[in-house]
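See structure below.
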Amino acid sequence: MMIPVLVLSVTLAGLLDPPTVVCHLWKRLEINDVKQCIYRGPNKTFYTHFVTNSYRECVPTFNCPYNRKDKTPSVQDILRGINEGFSK
């Protein structure tokens, strides 16, 4: 009885607290008077921090949520998506 409860609690903890990775400051942008700090991590993980006062809020590194990107779409996948868009 104890083992299924333990497995359930570990599974729920993984869903409630997603994995994080170390992201590094990649760019500072200002678009339409909105300052942004763009962070980049492993496996094409990106995170955007919207600055409230100054760019000093942008720390060099921090733990950001891991956004896993399985694969880059191939040319065939892109063409297939375009064809499906025109056929509707």
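Ordering of the structure tokens sets the chain letters (A, B, ...); residue numbers start at 1 within each chain; ligands are numbered from 1 in the order shown.
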
Worksheet item: Can you tell me, as an NGL selection string, what residues are no more than 9 Å from Val22 in chain A when counting only C-alpha atoms, ignoring any on the same chain fewer than 2 positions away?
Response: :A and (20 or 24 or 40-42 or 61-66)

Worksheet item: Skipping near chain neighbours, those fewer than 6 positions away, what residues fall within 12 Å of range 29-34 of chain A using only C-alpha atoms, listed as a PyMOL selection string?
Response: chain A and resi 48-55+58

Restricted to C-alpha atoms, what would the selected residues look like written as an mmCIF file, in the first residue's frame?
```cif
data_model
loop_
_atom_site.group_PDB
_atom_site.id
_atom_site.type_symbol
_atom_site.label_atom_id
_atom_site.label_comp_id
_atom_site.auth_asym_id
_atom_site.auth_seq_id
_atom_site.Cartn_x
_atom_site.Cartn_y
_atom_site.Cartn_z
ATOM 1 C CA THR A 48 11.742 35.817 -21.468
ATOM 2 C CA HIS A 49 11.860 38.156 -18.471
ATOM 3 C CA PHE A 50 9.950 41.414 -18.836
ATOM 4 C CA VAL A 51 11.897 44.189 -17.123
ATOM 5 C CA THR A 52 9.985 46.554 -14.831
ATOM 6 C CA ASN A 53 12.646 49.216 -14.110
ATOM 7 C CA SER A 54 16.070 48.736 -15.666
ATOM 8 C CA TYR A 55 18.211 46.099 -17.312
ATOM 9 C CA CYS A 58 18.643 40.780 -15.798
#
```

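Taking CA of Pro60 in chain A and CA of Leu25 in chain A as endpoints, the distance between them is 5.2 Å.
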
Worksheet item: Could you pull out the strand (DSSP E) residues of range 15-72 of chain A from DSSP and send them as a count of residues only?
Response: 31

Discussion item. One decimal, in Å: what's the spacing between CA of Val21 in chain A and CA of Arg56 in chain A?
Written reply: 21.7 Å

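Every protein or nucleic acid residue with an atom no more than 8 Å from Phe46 in chain A, counting only C-alpha atoms and leaving out same-chain residues fewer than 6 positions away, appears here: Cys23, Ile38, Tyr39, Arg40 and Asn67 of chain A.
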
Now that the selection is made, can you save its residues with C-alpha atoms as a short mmCIF file (atom, residue, chain, number, x, y, z; two decimals), in the first residue's frame?
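File selection-v1.cif, as written:
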```
data_model
loop_
_atom_site.label_atom_id
_atom_site.label_comp_id
_atom_site.auth_asym_id
_atom_site.auth_seq_id
_atom_site.Cartn_x
_atom_site.Cartn_y
_atom_site.Cartn_z
CA CYS A 23 19.82 29.53 -18.51
CA ILE A 38 16.00 36.75 -23.29
CA TYR A 39 17.64 33.74 -21.66
CA ARG A 40 18.84 30.62 -23.46
CA ASN A 67 11.03 23.58 -22.40
#
```

Worksheet item: How many Å lie between CA of Arg68 in chain A and CA of Tyr47 in chain A, rounded to one decimal?
Response: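 Separating CA of Arg68 in chain A from CA of Tyr47 in chain A is a distance of 12.1 Å.
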